[in-house]
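*Asks:* Sending over data05.cif (mmCIF, C-alpha atoms).
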```
data_entry
#
loop_
_atom_site.label_atom_id
_atom_site.label_comp_id
_atom_site.auth_asym_id
_atom_site.auth_seq_id
_atom_site.Cartn_x
_atom_site.Cartn_y
_atom_site.Cartn_z
CA MET P 22 0.00 0.00 0.00
CA HIS P 23 1.05 3.62 -0.38
CA ALA P 24 3.09 5.55 2.15
CA THR P 25 1.03 8.73 2.21
CA ALA P 26 -1.65 8.85 4.86
CA ARG P 27 -4.93 10.37 3.77
CA THR P 28 -5.57 13.63 5.58
CA HIS P 29 -8.83 15.38 6.14
CA SER P 30 -8.58 19.12 5.93
CA SER P 31 -10.00 21.12 8.82
CA VAL P 32 -10.58 24.01 6.42
CA PRO P 33 -13.99 23.97 4.74
CA VAL P 34 -13.92 22.60 1.21
CA SER P 35 -15.47 25.78 -0.13
CA ALA P 36 -12.59 27.83 1.27
CA LEU P 37 -10.01 25.45 -0.19
CA VAL P 38 -11.74 25.63 -3.56
CA ARG P 39 -11.74 29.43 -3.52
CA ARG P 40 -8.06 29.48 -2.66
CA ALA P 41 -7.29 26.91 -5.33
CA GLN P 42 -9.26 28.95 -7.86
CA ALA P 43 -6.99 31.86 -6.98
CA GLY P 44 -3.95 29.70 -7.82
CA ASP P 45 -3.10 28.38 -4.35
CA ARG P 46 -1.49 25.01 -5.06
CA ALA P 47 -1.24 24.12 -1.41
CA ALA P 48 -5.01 24.44 -1.15
CA PHE P 49 -5.44 22.26 -4.22
CA GLU P 50 -3.10 19.68 -2.74
CA ARG P 51 -5.34 19.48 0.31
CA LEU P 52 -8.33 18.99 -1.97
CA TYR P 53 -6.35 16.22 -3.66
CA GLN P 54 -5.62 14.54 -0.32
CA ASP P 55 -9.27 14.68 0.67
CA HIS P 56 -10.61 13.31 -2.61
CA VAL P 57 -7.95 11.05 -4.13
CA GLY P 58 -9.29 7.93 -2.44
CA ARG P 59 -12.73 8.42 -3.90
CA ILE P 60 -11.46 9.31 -7.35
CA TYR P 61 -8.94 6.47 -7.49
CA ALA P 62 -11.59 3.97 -6.42
CA LEU P 63 -13.80 5.19 -9.25
CA CYS P 64 -10.99 5.06 -11.82
CA LEU P 65 -9.83 1.65 -10.62
CA ARG P 66 -13.25 0.08 -10.91
CA LEU P 67 -13.94 1.70 -14.28
CA THR P 68 -10.60 0.68 -15.79
CA GLY P 69 -9.89 -2.57 -13.96
CA ASP P 70 -6.18 -1.73 -14.00
CA PRO P 71 -4.22 -0.01 -11.20
CA GLU P 72 -1.65 1.67 -13.46
CA GLU P 73 -4.27 3.02 -15.80
CA ALA P 74 -6.36 4.07 -12.81
CA MET P 75 -3.45 6.06 -11.41
CA GLU P 76 -2.92 7.74 -14.79
CA ARG P 77 -6.59 8.67 -15.03
CA THR P 78 -6.63 9.90 -11.45
CA GLN P 79 -3.74 12.21 -12.26
CA ASP P 80 -5.49 13.35 -15.43
CA ALA P 81 -8.66 14.08 -13.49
CA PHE P 82 -6.91 16.27 -10.94
CA VAL P 83 -4.95 18.12 -13.60
CA ARG P 84 -8.19 18.72 -15.53
CA ALA P 85 -9.85 19.83 -12.30
CA TRP P 86 -7.09 22.37 -11.64
CA HIS P 87 -7.54 23.86 -15.08
CA GLY P 88 -11.32 23.73 -14.86
CA LEU P 89 -11.65 25.31 -11.44
CA GLY P 90 -12.61 28.57 -13.06
CA SER P 91 -15.78 26.94 -14.37
CA PHE P 92 -16.78 25.51 -10.98
CA ARG P 93 -19.51 27.78 -9.66
CA GLY P 94 -20.44 25.90 -6.49
CA ASP P 95 -23.89 24.91 -7.71
CA ALA P 96 -23.03 21.31 -6.87
CA ALA P 97 -20.68 20.00 -4.24
CA PHE P 98 -17.04 20.07 -5.27
CA SER P 99 -16.83 16.32 -4.75
CA THR P 100 -19.74 15.79 -7.14
CA TRP P 101 -18.17 18.05 -9.75
CA LEU P 102 -14.79 16.36 -9.41
CA HIS P 103 -16.37 12.93 -9.56
CA ARG P 104 -18.24 13.71 -12.75
CA LEU P 105 -15.09 15.15 -14.28
CA ALA P 106 -13.17 11.98 -13.42
CA VAL P 107 -15.87 9.82 -15.04
CA ASN P 108 -15.55 11.86 -18.23
CA VAL P 109 -11.76 11.58 -18.16
CA VAL P 110 -11.88 7.79 -17.87
CA LEU P 111 -14.60 7.27 -20.45
CA THR P 112 -12.93 9.59 -22.95
CA GLU P 113 -9.63 7.79 -22.59
CA ARG P 114 -11.31 4.40 -22.82
CA ARG P 115 -12.88 5.43 -26.11
CA SER P 116 -9.44 6.50 -27.38
CA ILE P 117 -7.92 3.22 -26.22
CA GLY P 118 -10.70 1.34 -27.96
CA ARG P 119 -9.98 3.16 -31.23
CA ARG P 120 -6.22 2.49 -30.95
CA GLU P 121 -6.76 -1.17 -30.13
CA ARG P 122 -9.10 -1.61 -33.08
CA ARG P 123 -6.43 -0.11 -35.32
CA VAL P 124 -3.69 -2.34 -34.00
CA SER P 125 -5.45 -5.68 -33.83
CA ALA P 126 -8.77 -7.39 -34.13
CA ALA P 127 -8.54 -8.55 -30.51
CA ALA P 128 -9.89 -5.48 -28.79
CA ALA P 129 -11.15 -4.37 -25.45
CA ASP P 130 -12.53 -7.41 -23.66
CA VAL P 131 -9.60 -8.25 -21.46
CA GLY P 132 -9.71 -10.13 -18.22
CA PRO P 133 -8.90 -8.65 -14.80
CA ALA P 134 -5.50 -6.99 -14.60
CA TYR P 135 -5.21 -6.51 -10.87
CA GLU P 136 -5.68 -8.36 -7.65
CA PRO P 137 -7.67 -6.43 -5.05
CA ALA P 138 -6.08 -5.98 -1.66
CA PRO P 139 -7.10 -8.68 0.79
CA ARG P 140 -10.38 -7.78 2.42
CA ALA P 141 -13.36 -9.74 3.63
CA GLY P 142 -14.29 -12.53 1.23
CA LEU P 143 -17.22 -11.46 -0.91
CA GLY P 144 -15.88 -7.93 -1.25
CA VAL P 145 -12.60 -9.20 -2.70
CA ASP P 146 -14.41 -11.58 -5.01
CA LEU P 147 -16.75 -8.82 -6.14
CA GLU P 148 -13.92 -6.37 -6.90
CA ARG P 149 -12.17 -9.08 -8.88
CA ALA P 150 -15.38 -9.97 -10.67
CA ILE P 151 -16.08 -6.33 -11.54
CA ALA P 152 -12.59 -6.01 -13.00
CA GLY P 153 -13.33 -9.08 -15.12
CA LEU P 154 -16.47 -7.68 -16.71
CA PRO P 155 -16.47 -6.60 -20.34
CA PRO P 156 -15.71 -2.87 -20.45
CA GLY P 157 -19.18 -1.69 -21.46
CA ALA P 158 -20.94 -3.74 -18.80
CA ARG P 159 -18.33 -2.80 -16.22
CA ALA P 160 -18.74 0.91 -16.87
CA VAL P 161 -22.51 0.78 -16.51
CA PHE P 162 -22.39 -1.42 -13.41
CA VAL P 163 -19.86 0.82 -11.69
CA LEU P 164 -21.69 4.00 -12.62
CA TYR P 165 -25.15 2.70 -11.74
CA ASP P 166 -24.80 0.21 -8.91
CA VAL P 167 -21.61 1.46 -7.29
CA GLU P 168 -21.69 5.19 -7.94
CA GLY P 169 -25.45 5.80 -8.12
CA TYR P 170 -25.83 7.50 -11.50
CA GLY P 171 -29.11 7.02 -13.35
CA HIS P 172 -29.47 5.48 -16.78
CA GLN P 173 -30.15 8.84 -18.42
CA GLU P 174 -26.99 10.29 -16.90
CA ILE P 175 -25.01 7.22 -17.94
CA ALA P 176 -26.42 7.52 -21.44
CA GLN P 177 -25.26 11.14 -21.63
CA MET P 178 -21.83 10.34 -20.30
CA THR P 179 -21.18 7.25 -22.37
CA GLY P 180 -22.99 8.10 -25.58
CA ILE P 181 -25.16 5.00 -25.43
CA ALA P 182 -28.93 4.91 -25.26
CA ALA P 183 -30.63 4.62 -21.86
CA GLY P 184 -32.10 1.31 -22.99
CA THR P 185 -28.62 0.03 -23.82
CA SER P 186 -27.48 1.13 -20.38
CA LYS P 187 -30.23 -0.95 -18.80
CA ALA P 188 -29.34 -3.94 -20.94
CA GLN P 189 -25.65 -3.62 -20.04
CA LEU P 190 -26.54 -3.38 -16.36
CA HIS P 191 -28.66 -6.50 -16.56
CA ARG P 192 -25.81 -8.31 -18.32
CA ALA P 193 -23.29 -7.12 -15.75
CA ARG P 194 -25.40 -8.28 -12.84
CA ARG P 195 -25.94 -11.68 -14.45
CA LEU P 196 -22.22 -12.11 -15.12
CA LEU P 197 -21.33 -11.03 -11.61
CA ARG P 198 -23.82 -13.45 -10.05
CA GLU P 199 -22.34 -16.25 -12.17
CA ALA P 200 -18.82 -15.27 -11.19
CA LEU P 201 -19.68 -15.17 -7.50
CA SER P 202 -21.78 -18.33 -7.33
CA MET J 18 -53.29 -17.12 -13.23
CA THR J 19 -49.82 -16.04 -11.99
CA TRP J 20 -47.04 -14.90 -14.30
CA SER J 21 -44.55 -17.34 -15.77
CA CYS J 22 -40.83 -17.38 -15.07
CA ASP J 23 -40.24 -15.80 -18.48
CA ALA J 24 -42.39 -12.85 -17.49
CA VAL J 25 -40.87 -12.54 -14.00
CA ARG J 26 -37.13 -12.95 -14.65
CA PRO J 27 -36.71 -9.75 -16.69
CA ARG J 28 -38.45 -7.84 -13.90
CA LEU J 29 -36.46 -9.23 -10.98
CA ASP J 30 -33.85 -6.45 -11.07
CA ASP J 31 -36.53 -3.80 -10.78
CA TRP J 32 -38.40 -5.83 -8.18
CA VAL J 33 -35.35 -6.13 -5.93
CA GLU J 34 -34.66 -2.41 -6.41
CA GLY J 35 -38.26 -1.63 -5.54
CA SER J 36 -38.93 0.24 -8.74
CA LEU J 37 -41.70 -1.90 -10.22
CA PRO J 38 -45.21 -0.47 -10.54
CA ASP J 39 -47.52 -1.81 -7.84
CA ALA J 40 -49.51 -4.15 -10.09
CA GLU J 41 -46.36 -5.76 -11.48
CA ARG J 42 -44.79 -5.96 -8.04
CA ARG J 43 -47.76 -7.97 -6.80
CA GLU J 44 -47.56 -10.33 -9.79
CA VAL J 45 -43.85 -10.95 -9.22
CA ALA J 46 -44.38 -11.49 -5.50
CA ALA J 47 -47.14 -13.99 -6.20
CA HIS J 48 -44.90 -15.92 -8.59
CA LEU J 49 -41.99 -16.01 -6.16
CA GLU J 50 -44.19 -17.61 -3.51
CA SER J 51 -44.39 -20.76 -5.61
CA CYS J 52 -41.20 -20.70 -7.71
CA GLU J 53 -38.01 -21.75 -5.95
CA ALA J 54 -35.81 -21.08 -9.00
CA CYS J 55 -36.95 -17.47 -9.30
CA ARG J 56 -36.65 -17.01 -5.54
CA GLY J 57 -33.04 -18.14 -5.87
CA GLU J 58 -32.48 -15.59 -8.64
CA ALA J 59 -34.00 -12.85 -6.53
CA ALA J 60 -31.91 -13.86 -3.55
CA GLY J 61 -28.78 -13.81 -5.69
CA LEU J 62 -29.61 -10.32 -6.86
CA GLY J 63 -30.20 -9.22 -3.31
CA ALA J 64 -26.85 -10.63 -2.23
CA LEU J 65 -25.12 -8.83 -5.10
CA PHE J 66 -26.76 -5.55 -4.13
CA SER J 67 -25.69 -6.01 -0.52
CA ALA J 68 -22.12 -6.82 -1.51
CA THR J 69 -22.02 -3.83 -3.84
CA ALA J 70 -23.29 -1.55 -1.10
CA GLY J 71 -20.50 -2.86 1.12
CA LEU J 72 -17.71 -1.98 -1.29
CA PRO J 73 -15.34 0.62 0.13
CA ARG J 74 -16.14 4.11 -1.06
CA GLU J 75 -12.46 5.06 -1.16
CA ILE J 76 -9.33 3.21 -2.20
CA GLN J 77 -5.97 4.84 -1.74
CA PRO J 78 -3.64 4.52 -4.75
CA PRO J 79 -0.53 2.37 -4.32
CA ARG J 80 1.67 5.49 -4.35
CA ASP J 81 1.31 9.21 -3.74
CA LEU J 82 0.20 10.76 -7.02
CA TRP J 83 0.60 14.37 -5.94
CA PRO J 84 4.20 14.88 -7.17
CA ALA J 85 3.22 13.82 -10.68
CA ILE J 86 0.07 15.93 -10.57
CA ASP J 87 1.94 18.95 -9.25
CA ALA J 88 4.44 18.65 -12.08
CA ARG J 89 1.62 18.83 -14.61
CA LEU J 90 -0.35 21.75 -13.22
CA ASP J 91 1.33 24.17 -15.60
CA GLU J 92 0.04 22.27 -18.61
CA VAL J 93 -2.40 24.11 -20.84
CA VAL J 94 -5.65 22.35 -21.64
CA ASP J 95 -7.72 23.65 -24.55
CA ASP J 96 -11.48 23.53 -24.92
CA ALA J 97 -11.31 20.06 -26.43
CA GLY J 98 -9.38 18.78 -23.46
CA GLU J 99 -6.18 18.45 -25.40
CA VAL J 100 -3.08 19.05 -23.33
CA ALA J 101 -0.35 21.22 -24.75
CA PRO J 102 3.26 20.44 -23.89
CA ALA J 103 4.07 20.91 -20.24
CA ALA J 104 4.79 24.32 -18.81
CA VAL J 105 3.67 26.53 -21.66
CA VAL J 106 3.21 29.71 -19.69
CA SER J 107 0.96 32.57 -20.67
CA LEU J 108 2.75 35.75 -21.59
CA PRO J 109 2.01 38.77 -19.42
CA ARG J 110 -0.36 41.23 -21.02
CA ALA J 111 1.60 44.33 -21.88
CA ARG J 112 0.12 47.79 -21.42
CA SER J 113 -1.31 49.17 -24.59
CA ARG J 114 0.53 52.24 -25.89
CA ARG J 115 -0.41 54.21 -28.94
CA SER J 116 2.69 55.94 -30.13
CA GLY J 117 2.38 55.97 -33.88
CA ILE J 118 5.69 54.10 -34.15
CA PRO J 119 5.65 51.41 -36.84
CA ARG J 120 5.07 47.85 -35.67
CA TRP J 121 8.57 46.40 -35.62
CA GLY J 122 10.11 49.58 -34.37
CA LEU J 123 8.24 49.90 -31.04
CA VAL J 124 10.59 50.26 -28.14
CA ALA J 125 9.55 50.42 -24.52
CA ALA J 126 12.11 52.88 -23.13
CA ALA J 127 11.41 51.90 -19.53
CA LEU J 128 12.09 48.17 -20.16
CA ALA J 129 15.53 46.57 -19.91
CA LEU J 130 16.95 45.34 -23.18
CA VAL J 131 18.63 41.97 -23.43
CA LEU J 132 19.27 41.93 -27.14
CA VAL J 133 21.90 39.23 -27.03
CA THR J 134 19.59 36.88 -25.20
CA ALA J 135 16.74 37.58 -27.59
CA VAL J 136 18.91 37.08 -30.66
CA ALA J 137 20.53 33.95 -29.21
CA THR J 138 17.11 32.46 -28.48
CA SER J 139 15.80 33.10 -31.94
CA ILE J 140 19.01 31.88 -33.57
CA LEU J 141 18.87 28.62 -31.63
CA THR J 142 15.23 28.14 -32.49
CA ARG J 143 15.77 29.04 -36.14
CA ARG J 144 18.56 26.50 -36.28
CA TRP J 145 16.15 23.87 -34.98
CA ASP J 146 13.50 24.92 -37.51
CA GLN J 147 16.07 24.86 -40.31
CA ALA J 148 17.12 21.36 -39.28
CA MET J 149 13.48 20.24 -39.32
CA ALA J 150 12.93 21.85 -42.73
CA LEU J 151 15.97 20.00 -44.10
CA LYS J 152 14.71 16.76 -42.64
CA LEU J 153 11.35 17.25 -44.33
CA GLN J 154 13.06 18.00 -47.62
CA ARG J 155 15.14 14.85 -47.38
CA ALA J 156 12.08 12.79 -46.41
CA GLY J 157 10.30 14.08 -49.48
CA GLU J 158 13.24 13.17 -51.65
CA ARG J 159 13.25 9.56 -50.47
CA ALA J 160 10.95 7.08 -52.19
CA PRO J 161 7.88 6.59 -50.01
CA THR J 162 8.01 3.33 -48.09
CA ALA J 163 5.48 1.49 -46.02
CA ALA J 164 7.02 2.90 -42.87
CA GLY J 165 8.88 6.05 -42.03
CA THR J 166 7.54 8.93 -44.17
CA MET J 167 4.63 11.27 -43.59
CA ASN J 168 2.24 11.87 -46.43
CA ASP J 169 2.76 14.84 -48.73
CA ASP J 170 -0.21 16.76 -47.33
CA VAL J 171 1.19 16.79 -43.80
CA SER J 172 4.69 17.58 -45.03
CA ASP J 173 3.31 20.59 -46.92
CA GLN J 174 1.48 21.83 -43.85
CA GLU J 175 4.51 21.32 -41.69
CA ALA J 176 6.69 23.19 -44.16
CA ARG J 177 4.24 26.10 -44.06
CA PHE J 178 4.30 26.12 -40.27
CA LEU J 179 8.08 26.15 -40.27
CA ALA J 180 8.16 29.03 -42.74
CA ALA J 181 5.67 31.00 -40.65
CA SER J 182 7.58 30.42 -37.42
CA GLN J 183 10.86 31.47 -39.03
CA GLU J 184 9.27 34.67 -40.26
CA LEU J 185 7.88 35.42 -36.81
CA LEU J 186 11.20 34.66 -35.16
CA THR J 187 12.94 37.05 -37.54
CA GLY J 188 10.42 39.70 -36.59
CA LEU J 189 10.97 39.06 -32.89
CA GLU J 190 14.68 39.78 -33.30
CA GLY J 191 13.82 43.36 -34.14
CA GLN J 192 11.71 43.83 -31.04
CA ARG J 193 12.76 44.86 -27.59
CA LEU J 194 11.00 42.49 -25.25
CA SER J 195 11.62 42.51 -21.54
CA PRO J 196 14.01 39.87 -20.16
CA GLU J 197 11.11 38.33 -18.28
CA THR J 198 9.01 38.08 -21.41
CA MET J 199 11.90 36.68 -23.43
CA ALA J 200 12.57 34.09 -20.72
CA ILE J 201 8.95 32.96 -20.92
CA VAL J 202 9.04 32.85 -24.70
CA ARG J 203 12.30 30.92 -24.73
CA ARG J 204 11.09 28.42 -22.17
CA ASN J 205 7.80 27.86 -23.94
CA LEU J 206 9.51 27.41 -27.29
CA GLU J 207 11.83 24.81 -25.79
CA VAL J 208 8.88 22.90 -24.39
CA ILE J 209 6.94 23.07 -27.65
CA ASP J 210 9.95 22.10 -29.78
CA ALA J 211 10.64 19.17 -27.47
CA ALA J 212 7.05 18.03 -27.92
CA ILE J 213 7.34 18.38 -31.69
CA ALA J 214 10.49 16.26 -31.63
CA GLU J 215 8.73 13.61 -29.55
CA LEU J 216 5.78 13.55 -31.91
CA HIS J 217 8.10 13.16 -34.87
CA ALA J 218 9.81 10.25 -33.16
CA ALA J 219 6.44 8.69 -32.38
CA LEU J 220 5.35 9.11 -36.01
CA GLU J 221 8.51 7.43 -37.19
CA ARG J 222 7.55 4.45 -35.07
CA ASP J 223 3.90 4.61 -36.10
CA PRO J 224 3.74 6.35 -39.48
CA GLY J 225 0.39 7.47 -40.76
CA ASN J 226 -1.09 7.61 -37.28
CA GLY J 227 -3.80 10.21 -37.76
CA GLU J 228 -4.03 11.12 -34.11
CA LEU J 229 -0.29 11.77 -33.80
CA THR J 230 -0.35 13.76 -37.01
CA ARG J 231 -3.20 15.88 -35.76
CA MET J 232 -1.35 16.48 -32.49
CA LEU J 233 1.81 17.42 -34.37
CA LEU J 234 0.03 20.01 -36.49
CA ALA J 235 -1.80 21.35 -33.45
CA THR J 236 1.51 21.72 -31.63
CA TYR J 237 2.96 23.61 -34.58
CA GLN J 238 -0.05 25.90 -34.44
CA ARG J 239 0.60 26.52 -30.75
CA LYS J 240 4.13 27.55 -31.63
CA ILE J 241 2.78 30.01 -34.15
CA ASP J 242 0.25 31.29 -31.63
CA LEU J 243 3.01 31.80 -29.05
CA LEU J 244 5.21 33.69 -31.47
CA GLU J 245 2.33 35.87 -32.61
CA GLN J 246 1.46 36.58 -29.01
CA ALA J 247 5.06 37.54 -28.31
CA ALA J 248 5.01 39.80 -31.33
CA ARG J 249 1.88 41.52 -30.03
CA ALA J 250 3.45 41.87 -26.58
CA GLY J 251 6.41 43.60 -28.15
CA GLU J 252 4.14 45.75 -30.27
CA GLU J 253 2.06 46.91 -27.32
CA GLY J 254 5.22 47.61 -25.30
#
```
Please render this file's structure as structure tokens.
*Replies:*
Amino acid sequence: MHATARTHSSVPVSALVRRAQAGDRAAFERLYQDHVGRIYALCLRLTGDPEEAMERTQDAFVRAWHGLGSFRGDAAFSTWLHRLAVNVVLTERRSIGRRERRVSAAAADVGPAYEPAPRAGLGVDLERAIAGLPPGARAVFVLYDVEGYGHQEIAQMTGIAAGTSKAQLHRARRLLREALS
Amino acid sequence: MTWSCDAVRPRLDDWVEGSLPDAERREVAAHLESCEACRGEAAGLGALFSATAGLPREIQPPRDLWPAIDARLDEVVDDAGEVAPAAVVSLPRARSRRSGIPRWGLVAAALALVLVTAVATSILTRRWDQAMALKLQRAGERAPTAAGTMNDDVSDQEARFLAASQELLTGLEGQRLSPETMAIVRRNLEVIDAAIAELHAALERDPGNGELTRMLLATYQRKIDLLEQAARAGEEG
């Protein structure tokens, strides 16, 4: 596991965001410390690969730094950052899909690339099973069942129809039940 | 007559989530009372939902990502989310001064002049551009092969970018920019030229890659934009 302990800032998030918007990197670092666990978990489950998840996590925070000017505070910062991270991962996955299709006919459906840290039984099995899902089903399952987005939101984010999102979710749940049985 | 398994199974997800309309919910419930197989399916779904709800909300990455993030915070991201080479810094906006002095002759008397630095920078950069232009010329002279040469269209565009940047650099030599501004320009040009070199190397390994080609041309455009911005900064004094 990593050496850096996660810290919780005693300064309100809104104050840190304002300071970060003014260019205060130390304030942004504290926002990073408070939110990296959440964002990395999202990226890890969406990508199924720790290295790629770390790359996307970095990308998300860099994009957040540059996009702070557009954050108006209408939603919670964590919600805004989370949505940004989803877009970062999905955009990159689409690029990866295009590159893989160019290189070979064997494209995106790859098995799990990481072993979850040892935790209580079913949780470990479930993380492993999620990582083993086909990418489309995995994305919908993570966004709907793990992260709580609705099918319309998922459709907007992924470019698929809401009906396709439902079908992918159903498929994901069936595959996960088979993997865990 | 109660619903069949075929009618119930597709609705089990919604039933477990509690999102079925009342009439359908009652039909599913009635079927489950007598169908062990469907009860097993429903129980499996319930267990999956419970396990999913129990997943940790946060997972710490295997290493601290902040140093890498911090190193990238000076990157420029355009509206399309494309990242320019690292550390391309915006030039300071110069005060506008209407003096009637022709464009390339504007001199800000209050600013320090580091002519040698400015000339040295543009000479170094022009040498790089001249080397790239020669490389393009030689590439065009070689017989096209399956790997290793860009198509003529891209070579033409690149040649035009190089010509434009050389013209702008020549113009910059005649301007008196502040040492701070010249330092920013020089640093940004180094970063952009390094990115162009990397993209060329990547294209040599993967010739005809449309995405790399697009990035290369976009990076050339950024170089032009930077030089034009520097020219305006010198003009406004």
*Asks:* For chain P, which residues have at least one atom within 9 Å of chain J, if we go by all atoms listed in the file? Write them as a ChimeraX atom specification, please.
*Replies:* /P:22-27,46,50,53-54,56-63,65,71,74-76,78-80,82-84,86-88,143-145,147-148,166-168,191,194-195,197-198,201-202
*Asks:* Mind listing whatever residues come within 12 Å of the point (-12.7, 4.4, -14.2)? Use all atoms listed in the file, file coordinates, and give them as a PyMOL selection string.
*Replies:* chain P and resi 59-78+80-81+103-115+151-152+156-157+159-164+167-168
*Asks:* Quick one: apply the PyMOL selection byres ((chain P and resi 42) around 10) to the file and drop the selected residues here as a list in words.
*Replies:*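 So the PyMOL selection byres ((chain P and resi 42) around 10), applied here, picks out Ala36, Leu37, Val38, Arg39, Arg40, Ala41, Ala43, Gly44, Asp45, Arg46, Ala48, Phe49, Trp86, His87, Gly88, Leu89, Gly90, Ser91 and Phe92 of chain P.
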*Asks:* Just write the chosen residues, C-alpha atoms, as a PDB file, keeping the file's coordinate frame.
*Replies:*
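Listed below is the output, selection.pdb:
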```pdb
ATOM      1  CA  ALA P  36     -12.590  27.830   1.270  1.00  0.00           C
ATOM      2  CA  LEU P  37     -10.010  25.450  -0.190  1.00  0.00           C
ATOM      3  CA  VAL P  38     -11.740  25.630  -3.560  1.00  0.00           C
ATOM      4  CA  ARG P  39     -11.740  29.430  -3.520  1.00  0.00           C
ATOM      5  CA  ARG P  40      -8.060  29.480  -2.660  1.00  0.00           C
ATOM      6  CA  ALA P  41      -7.290  26.910  -5.330  1.00  0.00           C
ATOM      7  CA  ALA P  43      -6.990  31.860  -6.980  1.00  0.00           C
ATOM      8  CA  GLY P  44      -3.950  29.700  -7.820  1.00  0.00           C
ATOM      9  CA  ASP P  45      -3.100  28.380  -4.350  1.00  0.00           C
ATOM     10  CA  ARG P  46      -1.490  25.010  -5.060  1.00  0.00           C
ATOM     11  CA  ALA P  48      -5.010  24.440  -1.150  1.00  0.00           C
ATOM     12  CA  PHE P  49      -5.440  22.260  -4.220  1.00  0.00           C
ATOM     13  CA  TRP P  86      -7.090  22.370 -11.640  1.00  0.00           C
ATOM     14  CA  HIS P  87      -7.540  23.860 -15.080  1.00  0.00           C
ATOM     15  CA  GLY P  88     -11.320  23.730 -14.860  1.00  0.00           C
ATOM     16  CA  LEU P  89     -11.650  25.310 -11.440  1.00  0.00           C
ATOM     17  CA  GLY P  90     -12.610  28.570 -13.060  1.00  0.00           C
ATOM     18  CA  SER P  91     -15.780  26.940 -14.370  1.00  0.00           C
ATOM     19  CA  PHE P  92     -16.780  25.510 -10.980  1.00  0.00           C
TER      20      PHE P  92
END
```
*Asks:* Tell me, in Å to one decimal, how far atom CA of J:Ala181 is from atom CA of J:Glu197.
*Replies:*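 So the answer is 24.2 Å.
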*Asks:* Would you work out the distance separating atom CA of J:Asp242 from atom CA of J:Asn205, expressed in Å to one decimal?
*Replies:*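 Between atom CA of J:Asp242 and atom CA of J:Asn205 the gap works out to 11.3 Å.
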*Asks:* Between J:Glu215, J:Leu233, J:Ala176, J:Val202, which is the closest to J:Gln246 once you count all atoms listed in the file?
*Replies:*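 Result for the nearest residue to J:Gln246: J:Val202.
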*Asks:* Report the residues retrieved by the PyMOL selection byres ((chain J and resi 31-36) around 8) from the displayed file, expressed as number ranges by chain.
*Replies:* J: 28-30, 37-38, 42, 45, 59, 62-63
*Asks:* Could you state the separation of atom CA of J:Ala214 and atom CA of J:Leu189 in Å, given to one decimal place?
*Replies:*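 Separation between atom CA of J:Ala214 and atom CA of J:Leu189: 22.8 Å.
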*Asks:* Need the shell around P:Ala183: protein/DNA/RNA residues with any atom at most 8 Å away, counting only C-alpha atoms. Skip same-chain ones fewer than 3 positions apart. Format as a PyMOL selection string?
*Replies:* chain P and resi 172-173+175-176+186-187
